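Pasting structure05.txt here (compact mmCIF, C-alpha atoms (C1' of nucleotides)):
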# COMPACT_ATOMS: atom_id res chain seq x y z
CA MET A 1 15.48 88.78 -4.65
CA THR A 2 14.45 89.05 -1.03
CA VAL A 3 16.07 87.31 1.89
CA GLN A 4 13.16 84.94 2.31
CA GLU A 5 13.34 83.96 -1.32
CA ARG A 6 17.01 83.09 -0.95
CA ALA A 7 16.25 81.12 2.18
CA LEU A 8 13.50 79.30 0.37
CA LEU A 9 15.78 78.40 -2.51
CA GLU A 10 18.46 77.21 -0.16
CA THR A 11 16.05 75.04 1.76
CA ALA A 12 14.65 73.71 -1.49
CA THR A 13 18.13 72.85 -2.70
CA ARG A 14 18.92 71.08 0.51
CA VAL A 15 15.73 69.05 0.43
CA LEU A 16 16.00 68.16 -3.23
CA VAL A 17 19.65 67.21 -2.91
CA THR A 18 18.96 65.03 0.10
CA SER A 19 15.97 63.29 -1.40
CA PRO A 20 15.58 64.03 -5.08
CA ALA A 21 12.19 62.41 -5.24
CA ALA A 22 10.74 64.80 -2.71
CA SER A 23 7.38 66.21 -3.68
CA LEU A 24 6.62 69.89 -3.81
CA ALA A 25 4.60 69.41 -0.68
CA ASP A 26 7.73 68.20 1.09
CA VAL A 27 9.71 71.16 -0.17
CA ALA A 28 7.06 73.63 0.88
CA ALA A 29 6.78 72.06 4.31
CA ALA A 30 10.54 72.12 4.80
CA ALA A 31 10.64 75.76 3.81
CA GLY A 32 7.86 76.56 6.24
CA VAL A 33 5.58 77.75 3.52
CA SER A 34 2.34 76.50 2.08
CA ARG A 35 2.28 74.56 -1.11
CA THR A 36 0.06 77.24 -2.58
CA THR A 37 2.64 79.94 -1.92
CA LEU A 38 5.42 77.85 -3.33
CA HIS A 39 3.31 77.34 -6.38
CA ALA A 40 2.64 81.04 -6.67
CA ARG A 41 6.38 81.71 -6.95
CA TYR A 42 7.28 78.75 -9.12
CA PRO A 43 4.37 77.67 -11.28
CA THR A 44 5.77 74.23 -12.05
CA ARG A 45 8.25 71.85 -10.52
CA GLN A 46 10.52 72.38 -13.46
CA ALA A 47 10.41 76.14 -12.90
CA LEU A 48 11.57 75.58 -9.34
CA LEU A 49 14.41 73.37 -10.47
CA VAL A 50 15.47 75.94 -13.03
CA ALA A 51 15.38 78.69 -10.41
CA LEU A 52 17.50 76.51 -8.15
CA ALA A 53 19.98 76.01 -10.94
CA HIS A 54 20.18 79.70 -11.66
CA GLU A 55 20.70 80.54 -8.04
CA ALA A 56 23.48 77.95 -7.82
CA MET A 57 25.12 79.46 -10.88
CA ASP A 58 24.71 82.92 -9.40
CA LEU A 59 26.71 81.75 -6.43
CA VAL A 60 29.39 80.23 -8.64
CA GLU A 61 29.60 83.44 -10.60
CA ALA A 62 29.86 85.44 -7.41
CA ALA A 63 32.64 83.15 -6.23
CA TYR A 64 34.52 83.74 -9.46
CA GLY A 65 34.12 87.45 -9.01
CA GLU A 66 35.27 87.39 -5.44
CA ALA A 67 38.28 85.30 -6.39
CA ARG A 68 39.56 88.12 -8.60
CA LEU A 69 40.71 85.68 -11.23
CA ASP A 70 42.51 88.30 -13.25
CA GLU A 71 44.74 89.47 -10.44
CA GLY A 72 48.07 88.18 -9.27
CA ASP A 73 49.66 84.92 -10.26
CA VAL A 74 47.56 82.13 -11.64
CA PRO A 75 48.23 79.51 -8.98
CA GLY A 76 47.14 82.02 -6.38
CA ALA A 77 43.96 82.77 -8.31
CA LEU A 78 43.36 79.05 -8.62
CA ARG A 79 43.72 78.63 -4.91
CA ARG A 80 41.27 81.43 -4.25
CA VAL A 81 38.67 80.10 -6.64
CA ILE A 82 38.98 76.61 -5.20
CA GLU A 83 38.65 77.94 -1.69
CA LEU A 84 35.51 79.77 -2.66
CA THR A 85 33.87 77.01 -4.66
CA VAL A 86 34.43 74.04 -2.38
CA PRO A 87 31.81 75.31 0.10
CA LEU A 88 29.33 75.39 -2.75
CA GLY A 89 29.41 71.59 -2.72
CA PRO A 90 25.68 70.90 -2.39
CA ARG A 91 24.87 73.39 -5.10
CA LEU A 92 27.45 71.84 -7.38
CA GLU A 93 26.05 68.42 -6.66
CA PHE A 94 22.66 69.66 -7.64
CA LEU A 95 23.95 71.19 -10.86
CA LEU A 96 25.92 68.12 -11.79
CA ARG A 97 23.43 65.46 -10.91
CA GLU A 98 19.96 66.84 -11.48
CA ARG A 99 19.29 65.32 -14.84
CA SER A 100 16.08 67.10 -15.67
CA LEU A 101 18.16 70.23 -16.15
CA ASP A 102 19.85 68.72 -19.17
CA ASP A 103 17.07 69.65 -21.53
CA VAL A 104 16.67 73.24 -20.42
CA PRO A 105 18.71 75.03 -23.10
CA GLU A 106 18.81 78.19 -21.03
CA VAL A 107 20.53 76.33 -18.21
CA THR A 108 22.94 74.31 -20.29
CA ALA A 109 23.96 77.43 -22.17
CA ARG A 110 24.69 79.26 -18.97
CA THR A 111 26.61 76.27 -17.66
CA ILE A 112 28.91 76.59 -20.61
CA ALA A 113 29.14 80.36 -20.37
CA LEU A 114 30.03 79.99 -16.72
CA ASP A 115 33.33 78.39 -17.68
CA ALA A 116 34.53 81.42 -19.61
CA PRO A 117 36.34 83.14 -16.72
CA LEU A 118 38.14 79.91 -15.92
CA LEU A 119 39.13 79.47 -19.54
CA ASP A 120 40.54 82.97 -19.47
CA LEU A 121 42.40 82.13 -16.31
CA VAL A 122 43.93 79.02 -17.81
CA GLU A 123 44.85 81.00 -20.87
CA ARG A 124 46.52 83.61 -18.74
CA GLY A 125 48.38 80.89 -16.87
CA ARG A 126 49.70 79.49 -20.10
CA GLN A 127 50.92 82.86 -21.26
CA ARG A 128 52.65 83.48 -17.99
CA GLY A 129 54.31 80.11 -18.17
CA GLU A 130 52.54 78.95 -15.06
CA LEU A 131 50.51 76.27 -16.77
CA ARG A 132 51.45 73.66 -19.31
CA THR A 133 50.58 74.37 -22.90
CA ASP A 134 50.72 70.87 -24.26
CA ARG A 135 47.13 70.10 -23.41
CA PRO A 136 43.95 71.87 -24.48
CA SER A 137 42.71 74.60 -22.18
CA TRP A 138 39.16 73.32 -22.16
CA TRP A 139 40.37 70.07 -20.70
CA ARG A 140 41.68 71.75 -17.59
CA VAL A 141 38.35 73.44 -17.14
CA ALA A 142 36.19 70.42 -17.93
CA SER A 143 37.86 68.27 -15.33
CA ARG A 144 37.55 70.91 -12.64
CA PRO A 145 34.10 70.17 -11.16
CA GLY A 146 35.16 66.56 -10.97
CA THR A 147 37.98 67.54 -8.64
CA VAL A 148 36.26 70.18 -6.58
CA TYR A 149 33.14 68.22 -5.89
CA PRO A 150 34.82 65.14 -4.38
CA ALA A 151 36.56 67.48 -2.00
CA TRP A 152 33.24 68.69 -0.77
CA GLU A 153 32.03 65.12 -0.46
CA ALA A 154 35.07 64.22 1.60
CA ILE A 155 34.43 67.17 3.88
CA ALA A 156 30.81 66.19 4.29
CA ASP A 157 31.91 62.66 5.17
CA GLY A 158 34.35 63.95 7.72
CA ARG A 159 37.29 62.47 5.85
CA LEU A 160 38.79 65.84 5.09
CA ALA A 161 39.25 68.98 7.15
CA PRO A 162 37.68 71.99 5.44
CA ARG A 163 40.88 73.98 5.69
CA ASP A 164 42.89 71.22 4.05
CA ALA A 165 40.63 70.97 1.05
CA PRO A 166 41.85 73.87 -1.09
CA GLY A 167 45.48 72.85 -0.77
CA LEU A 168 44.69 69.28 -1.61
CA VAL A 169 42.71 70.19 -4.69
CA LEU A 170 45.24 72.76 -5.81
CA THR A 171 48.29 70.54 -5.56
CA SER A 172 46.42 67.73 -7.25
CA VAL A 173 45.46 69.96 -10.11
CA LEU A 174 48.84 71.60 -10.44
CA HIS A 175 51.30 68.84 -9.69
CA GLY A 176 49.41 65.58 -10.03
CA ALA A 177 50.16 62.34 -8.30
CA ALA A 178 53.71 61.73 -9.44
CA PRO A 179 56.56 62.60 -7.09
CA ARG A 180 58.39 65.76 -8.02
CA MET B 1 23.15 36.10 -18.05
CA THR B 2 22.20 35.60 -21.66
CA VAL B 3 23.19 37.74 -24.58
CA GLN B 4 19.71 39.16 -24.92
CA GLU B 5 19.65 40.13 -21.30
CA ARG B 6 22.90 42.03 -21.70
CA ALA B 7 21.53 43.73 -24.78
CA LEU B 8 18.40 44.66 -22.91
CA LEU B 9 20.38 46.15 -20.07
CA GLU B 10 22.55 48.09 -22.44
CA THR B 11 19.57 49.47 -24.30
CA ALA B 12 17.91 50.31 -21.01
CA THR B 13 21.01 52.14 -19.85
CA ARG B 14 21.18 54.09 -23.07
CA VAL B 15 17.53 55.09 -22.91
CA LEU B 16 17.61 55.99 -19.25
CA VAL B 17 20.81 57.97 -19.62
CA THR B 18 19.45 59.87 -22.60
CA SER B 19 16.11 60.64 -21.01
CA PRO B 20 16.04 59.81 -17.33
CA ALA B 21 12.32 60.36 -17.09
CA ALA B 22 11.59 57.66 -19.64
CA SER B 23 8.79 55.33 -18.62
CA LEU B 24 9.17 51.58 -18.51
CA ALA B 25 7.01 51.46 -21.60
CA ASP B 26 9.63 53.55 -23.40
CA VAL B 27 12.42 51.31 -22.21
CA ALA B 28 10.59 48.17 -23.26
CA ALA B 29 9.80 49.61 -26.65
CA ALA B 30 13.40 50.67 -27.22
CA ALA B 31 14.57 47.22 -26.26
CA GLY B 32 12.13 45.64 -28.66
CA VAL B 33 10.35 43.80 -25.91
CA SER B 34 6.90 44.01 -24.42
CA ARG B 35 6.35 45.82 -21.20
CA THR B 36 5.06 42.59 -19.73
CA THR B 37 8.30 40.80 -20.47
CA LEU B 38 10.36 43.61 -19.05
CA HIS B 39 8.26 43.45 -15.97
CA ALA B 40 8.72 39.71 -15.70
CA ARG B 41 12.48 40.18 -15.51
CA TYR B 42 12.51 43.26 -13.31
CA PRO B 43 9.45 43.44 -11.08
CA THR B 44 9.80 47.13 -10.30
CA ARG B 45 11.41 50.14 -11.85
CA GLN B 46 13.80 50.31 -8.96
CA ALA B 47 14.80 46.67 -9.54
CA LEU B 48 15.66 47.56 -13.11
CA LEU B 49 17.77 50.52 -12.02
CA VAL B 50 19.58 48.37 -9.51
CA ALA B 51 20.23 45.71 -12.15
CA LEU B 52 21.58 48.42 -14.42
CA ALA B 53 23.86 49.62 -11.67
CA HIS B 54 25.14 46.15 -10.99
CA GLU B 55 25.80 45.51 -14.63
CA ALA B 56 27.69 48.77 -14.88
CA MET B 57 29.77 47.82 -11.87
CA ASP B 58 30.36 44.38 -13.35
CA LEU B 59 31.85 46.10 -16.36
CA VAL B 60 34.03 48.31 -14.21
CA GLU B 61 35.20 45.30 -12.27
CA ALA B 62 35.94 43.47 -15.46
CA ALA B 63 37.92 46.44 -16.70
CA TYR B 64 39.98 46.43 -13.52
CA GLY B 65 40.63 42.74 -13.97
CA GLU B 66 41.65 43.13 -17.56
CA ALA B 67 43.94 46.02 -16.67
CA ARG B 68 46.02 43.67 -14.49
CA LEU B 69 46.49 46.35 -11.88
CA ASP B 70 49.00 44.35 -9.90
CA GLU B 71 51.41 43.86 -12.77
CA GLY B 72 54.19 46.07 -14.01
CA ASP B 73 54.81 49.66 -13.04
CA VAL B 74 52.02 51.71 -11.61
CA PRO B 75 51.85 54.42 -14.29
CA GLY B 76 51.46 51.68 -16.85
CA ALA B 77 48.69 50.08 -14.86
CA LEU B 78 47.04 53.46 -14.53
CA ARG B 79 47.19 53.95 -18.24
CA ARG B 80 45.62 50.55 -18.86
CA VAL B 81 42.82 51.09 -16.41
CA ILE B 82 42.08 54.52 -17.84
CA GLU B 83 42.06 53.15 -21.36
CA LEU B 84 39.60 50.50 -20.32
CA THR B 85 37.27 52.67 -18.27
CA VAL B 86 36.91 55.67 -20.54
CA PRO B 87 34.71 53.70 -22.98
CA LEU B 88 32.42 52.91 -20.08
CA GLY B 89 31.41 56.58 -20.10
CA PRO B 90 27.63 56.17 -20.33
CA ARG B 91 27.64 53.55 -17.61
CA LEU B 92 29.71 55.78 -15.38
CA GLU B 93 27.37 58.64 -16.04
CA PHE B 94 24.50 56.47 -14.99
CA LEU B 95 26.26 55.39 -11.82
CA LEU B 96 27.28 58.90 -10.92
CA ARG B 97 24.11 60.73 -11.73
CA GLU B 98 21.19 58.40 -11.08
CA ARG B 99 20.20 59.66 -7.69
CA SER B 100 17.65 57.03 -6.81
CA LEU B 101 20.56 54.63 -6.39
CA ASP B 102 21.80 56.57 -3.40
CA ASP B 103 19.46 54.88 -0.99
CA VAL B 104 20.09 51.33 -2.10
CA PRO B 105 22.62 50.20 0.51
CA GLU B 106 23.59 47.22 -1.59
CA VAL B 107 24.63 49.49 -4.43
CA THR B 108 26.40 52.12 -2.39
CA ALA B 109 28.32 49.43 -0.54
CA ARG B 110 29.47 47.90 -3.78
CA THR B 111 30.42 51.31 -5.12
CA ILE B 112 32.79 51.68 -2.22
CA ALA B 113 34.09 48.14 -2.47
CA LEU B 114 34.73 48.74 -6.13
CA ASP B 115 37.45 51.21 -5.25
CA ALA B 116 39.53 48.68 -3.34
CA PRO B 117 41.67 47.54 -6.28
CA LEU B 118 42.45 51.15 -7.10
CA LEU B 119 43.36 51.88 -3.51
CA ASP B 120 45.72 48.92 -3.62
CA LEU B 121 47.19 50.25 -6.82
CA VAL B 122 47.80 53.67 -5.35
CA GLU B 123 49.31 52.04 -2.31
CA ARG B 124 51.62 50.02 -4.50
CA GLY B 125 52.59 53.15 -6.39
CA ARG B 126 53.53 54.88 -3.18
CA GLN B 127 55.67 52.00 -2.06
CA ARG B 128 57.43 51.90 -5.37
CA GLY B 129 58.07 55.61 -5.21
CA GLU B 130 55.96 56.20 -8.29
CA LEU B 131 53.28 58.21 -6.52
CA ARG B 132 53.50 60.97 -3.98
CA THR B 133 52.93 60.05 -0.40
CA ASP B 134 52.09 63.44 0.98
CA ARG B 135 48.42 63.16 0.20
CA PRO B 136 45.89 60.55 1.32
CA SER B 137 45.43 57.57 -0.95
CA TRP B 138 41.67 57.78 -0.87
CA TRP B 139 41.86 61.23 -2.36
CA ARG B 140 43.55 59.98 -5.51
CA VAL B 141 40.81 57.41 -5.88
CA ALA B 142 37.90 59.70 -5.04
CA SER B 143 38.83 62.22 -7.67
CA ARG B 144 39.24 59.60 -10.36
CA PRO B 145 35.71 59.31 -11.76
CA GLY B 146 35.69 63.08 -11.97
CA THR B 147 38.59 62.92 -14.37
CA VAL B 148 37.65 59.90 -16.39
CA TYR B 149 34.09 60.89 -16.99
CA PRO B 150 34.76 64.31 -18.53
CA ALA B 151 37.06 62.56 -20.96
CA TRP B 152 34.18 60.45 -22.12
CA GLU B 153 32.00 63.52 -22.38
CA ALA B 154 34.59 65.25 -24.50
CA ILE B 155 34.79 62.25 -26.78
CA ALA B 156 31.02 62.13 -27.11
CA ASP B 157 31.06 65.84 -27.99
CA GLY B 158 33.70 65.31 -30.60
CA ARG B 159 36.14 67.57 -28.79
CA LEU B 160 38.56 64.76 -28.09
CA ALA B 161 39.85 61.89 -30.19
CA PRO B 162 39.24 58.58 -28.47
CA ARG B 163 42.87 57.59 -28.79
CA ASP B 164 44.05 60.79 -27.17
CA ALA B 165 41.89 60.40 -24.11
CA PRO B 166 43.93 57.97 -22.02
CA GLY B 167 47.10 59.98 -22.41
CA LEU B 168 45.35 63.18 -21.53
CA VAL B 169 43.80 61.74 -18.42
CA LEU B 170 46.97 60.01 -17.37
CA THR B 171 49.25 63.01 -17.67
CA SER B 172 46.69 65.17 -15.92
CA VAL B 173 46.48 62.77 -13.06
CA LEU B 174 50.20 62.17 -12.81
CA HIS B 175 51.73 65.50 -13.61
CA GLY B 176 49.00 68.09 -13.21
CA ALA B 177 48.76 71.41 -14.95
CA ALA B 178 51.99 73.01 -13.89
CA PRO B 179 54.91 72.99 -16.30
CA ARG B 180 57.58 70.44 -15.47
C1' DC C 1 3.72 16.47 -34.19
C1' DC C 2 2.89 17.93 -29.56
C1' DG C 3 3.67 19.96 -25.23
C1' DT C 4 6.08 23.27 -22.79
C1' DT C 5 7.88 27.55 -22.30
C1' DC C 6 8.12 32.14 -23.23
C1' DC C 7 6.41 36.41 -25.12
C1' DT C 8 2.66 39.41 -26.32
C1' DG C 9 -1.19 42.68 -26.33
C1' DA C 10 -4.76 44.41 -23.82
C1' DA C 11 -7.17 45.79 -20.11
C1' DC C 12 -7.65 47.20 -15.18
C1' DA C 13 -7.13 49.23 -10.52
C1' DG C 14 -4.50 51.88 -7.55
C1' DT C 15 -1.61 55.41 -6.37
C1' DC C 16 0.37 59.79 -6.30
C1' DA C 17 2.13 64.27 -7.60
C1' DT C 18 0.86 68.01 -10.03
C1' DG C 19 -1.55 72.04 -11.17
C1' DT C 20 -5.76 74.86 -10.13
C1' DT C 21 -9.21 77.25 -7.65
C1' DC C 22 -11.21 79.82 -3.90
C1' DA C 23 -12.76 81.69 0.37
C1' DG C 24 -10.96 83.17 4.56
C1' DA C 25 -7.23 84.52 7.72
C1' DA C 26 -3.10 87.00 8.75
C1' DC C 27 -0.32 90.71 7.86
C1' DC C 28 1.18 94.84 6.13
C1' DG C 29 1.46 100.30 5.52
C1' DT C 30 -1.15 104.31 5.94
C1' DA D 1 -9.05 101.32 12.01
C1' DC D 2 -8.96 100.22 7.12
C1' DG D 3 -7.87 98.67 2.44
C1' DG D 4 -4.99 96.03 0.05
C1' DT D 5 -1.74 92.48 -0.34
C1' DT D 6 -0.11 88.11 0.76
C1' DC D 7 -0.39 83.62 2.70
C1' DT D 8 -3.10 79.68 3.97
C1' DG D 9 -5.79 75.40 4.10
C1' DA D 10 -8.72 72.60 1.75
C1' DA D 11 -10.69 70.57 -1.94
C1' DC D 12 -10.80 69.04 -6.75
C1' DA D 13 -9.64 67.39 -11.44
C1' DT D 14 -6.29 65.44 -14.10
C1' DG D 15 -3.00 62.68 -15.90
C1' DA D 16 0.64 59.37 -15.89
C1' DC D 17 2.99 55.62 -14.46
C1' DT D 18 3.20 51.53 -12.12
C1' DG D 19 2.17 46.99 -10.99
C1' DT D 20 -1.01 43.05 -12.03
C1' DT D 21 -3.68 39.79 -14.48
C1' DC D 22 -4.92 36.80 -18.22
C1' DA D 23 -5.95 34.60 -22.52
C1' DG D 24 -3.91 33.77 -26.85
C1' DG D 25 -0.05 33.09 -29.94
C1' DA D 26 4.74 32.21 -31.34
C1' DA D 27 8.94 29.71 -30.74
C1' DC D 28 11.32 25.83 -29.47
C1' DG D 29 12.80 21.22 -28.18
C1' DG D 30 11.93 16.50 -27.87
Exercise: express the given structure as structure tokens:
Amino acid sequence: MTVQERALLETATRVLVTSPAASLADVAAAAGVSRTTLHARYPTRQALLVALAHEAMDLVEAAYGEARLDEGDVPGALRRVIELTVPLGPRLEFLLRERSLDDVPEVTARTIALDAPLLDLVERGRQRGELRTDRPSWWRVASRPGTVYPAWEAIADGRLAPRDAPGLVLTSVLHGAAPR
Amino acid sequence: MTVQERALLETATRVLVTSPAASLADVAAAAGVSRTTLHARYPTRQALLVALAHEAMDLVEAAYGEARLDEGDVPGALRRVIELTVPLGPRLEFLLRERSLDDVPEVTARTIALDAPLLDLVERGRQRGELRTDRPSWWRVASRPGTVYPAWEAIADGRLAPRDAPGLVLTSVLHGAAPR
DNA sequence: CCGTTCCTGAACAGTCATGTTCAGAACCGT
DNA sequence: ACGGTTCTGAACATGACTGTTCAGGAACGG
């Protein structure tokens, strides 16, 4: 994938997140490319959306890799993965909210597969006694995007300083709202 | 609002959540009503979506009322409100994911206003020493839908027993993932 | 029983995004 | 300078949904 292609996908994501009803003409214009060219790369609108989804998931996967989830203690790994995924906010929003992705089996399957490293991490945390074992592992993972994404939203709104976000998310996830 | 109107809105929500691209003809058919009648009640598609949103928020508001948030201890109130909002899953999904609602100021304003009772509750919890005070109140509220909604999803998938959901959500929110 | 109200089915115009095609221009590397 | 590749602008067909209208029929209440 060339640099321009990445740039195009990023622009497309930005446009389609900002105004989901944008036409392909709008997307092409924003990306500084003709509609014909856009169409040459992505034959249909759906194909573009799917490509966007895959690119977003590529980034998530890369973040997981970079976070070295299998190294060190689990809270530390959690902190790293949170730090690396919060900036992916717009991509996550796209993945979570774009409803036409729901009936692309290829995408939904990968969404599920994408959770595997986190499941492993939770599992590891349980074995090391760093995470509670009285609740199902999948639950911890399922409720994750719902905690990371609001953090991004808060940053975008200016309510939250980017550097504060990971700590906030991490302590929420680990310790909850009750006083110690 | 008559019973039939409520039924129509509920059917419409179900259809539009299941297949967001459904046409008004599909919605009308599913509701057992002619497209003309549907159009008489809701002049435009957008008007229907807005009505759906308002009805969903009515239900959330009602749940908050029924949960008597200002009575008793705060964890108890939290449990009640979680119990009452989890079944609203499909409505919450609609509110969270339907992106054409984003540029209806009336709806976004009410979305924000809807959080006020919860903010009060968190505030009360802090004063009573039942919630931590080292993190902003709005954060606790912002990350709430992200925890409640996955619970509904898990129930819908059959991964989670409906009666287990409130406890799971509550302990996650209060105590987090770390062992005591 | 009658009049009002509401719902229905059908048809229609308008709009708009999509997908397709093609000839020419711009841009490469050689 | 040249041949090939890529991008461009424009035009076109298509299809779908929306919003609108209207005459007839069903339901309902008085």
Next on the checklist: Distance limit 10 Å, atoms considered: only C-alpha atoms (C1' of nucleotides). Which chain B residues sit that close to chain C? Return them as a ChimeraX atom specification.
Outcome noted: /B:33-37
Next on the checklist: Please return as a PyMOL selection string every residue within 10 Å of (18.4, 77.5, -9.5), taking into account only C-alpha atoms (C1' of nucleotides) and the file's own coordinates.
Outcome noted: chain A and resi 9-10+12-13+47-59+91+94-95+101+107
Item to check | Interface residues on chain B facing chain A, 8 Å, only C-alpha atoms, written as a ChimeraX atom specification | outcome: /B:20-21,96-100,129-132,135,140,142-143,145-147,150,168,172-180
Would you put the residues from that selection into a file with C-alpha atoms, as a compact mmCIF listing (two decimals), keeping the file's coordinate frame?
# COMPACT_ATOMS: atom_id res chain seq x y z
CA PRO B 20 16.04 59.81 -17.33
CA ALA B 21 12.32 60.36 -17.09
CA LEU B 96 27.28 58.90 -10.92
CA ARG B 97 24.11 60.73 -11.73
CA GLU B 98 21.19 58.40 -11.08
CA ARG B 99 20.20 59.66 -7.69
CA SER B 100 17.65 57.03 -6.81
CA GLY B 129 58.07 55.61 -5.21
CA GLU B 130 55.96 56.20 -8.29
CA LEU B 131 53.28 58.21 -6.52
CA ARG B 132 53.50 60.97 -3.98
CA ARG B 135 48.42 63.16 0.20
CA ARG B 140 43.55 59.98 -5.51
CA ALA B 142 37.90 59.70 -5.04
CA SER B 143 38.83 62.22 -7.67
CA PRO B 145 35.71 59.31 -11.76
CA GLY B 146 35.69 63.08 -11.97
CA THR B 147 38.59 62.92 -14.37
CA PRO B 150 34.76 64.31 -18.53
CA LEU B 168 45.35 63.18 -21.53
CA SER B 172 46.69 65.17 -15.92
CA VAL B 173 46.48 62.77 -13.06
CA LEU B 174 50.20 62.17 -12.81
CA HIS B 175 51.73 65.50 -13.61
CA GLY B 176 49.00 68.09 -13.21
CA ALA B 177 48.76 71.41 -14.95
CA ALA B 178 51.99 73.01 -13.89
CA PRO B 179 54.91 72.99 -16.30
CA ARG B 180 57.58 70.44 -15.47
Each residue of chain D with at least one atom at most 9 Å from chain A should appear once, together with its nearest atom pair and the corresponding distance in Å (one decimal); atoms considered: only C-alpha atoms (C1' of nucleotides); ordering: chain, then increasing residue number; output as a Markdown table.
| residue | atom | partner | partner_atom | distance |
| --- | --- | --- | --- | --- |
| D:DC7 | C1' | A:Thr37 | CA | 6.6 |
| D:DT8 | C1' | A:Ser34 | CA | 6.6 |
| D:DG9 | C1' | A:Ser34 | CA | 8.4 |
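Put simply, atom CA of Val15 of chain A is 25.0 Å away from atom CA of Ala165 of chain A.
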Checklist outcome for this item: With distances taken over all atoms listed in the file, the candidate from A:Ala31, A:Leu118, A:Val104, A:Ile82 nearest Ala7 of chain A is A:Ala31
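Those residues positioned at most 12 Å from (52.0, 49.8, -14.4) are B:Ala67, B:Arg68, B:Leu69, B:Asp70, B:Glu71, B:Gly72, B:Asp73, B:Val74, B:Pro75, B:Gly76, B:Ala77, B:Leu78, B:Arg79, B:Arg80, B:Val81, B:Ile82, B:Leu121, B:Val122, B:Arg124, B:Gly125, B:Arg128, B:Glu130, B:Leu131, B:Leu170, judged using all atoms listed in the file.
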Checklist entry - Distance atom CA of Thr108 of chain B-atom CA of Leu84 of chain B, one decimal place? => result 22.3 Å
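Note that atom CA of Pro166 of chain B and atom CA of Val60 of chain B are 15.9 Å apart.
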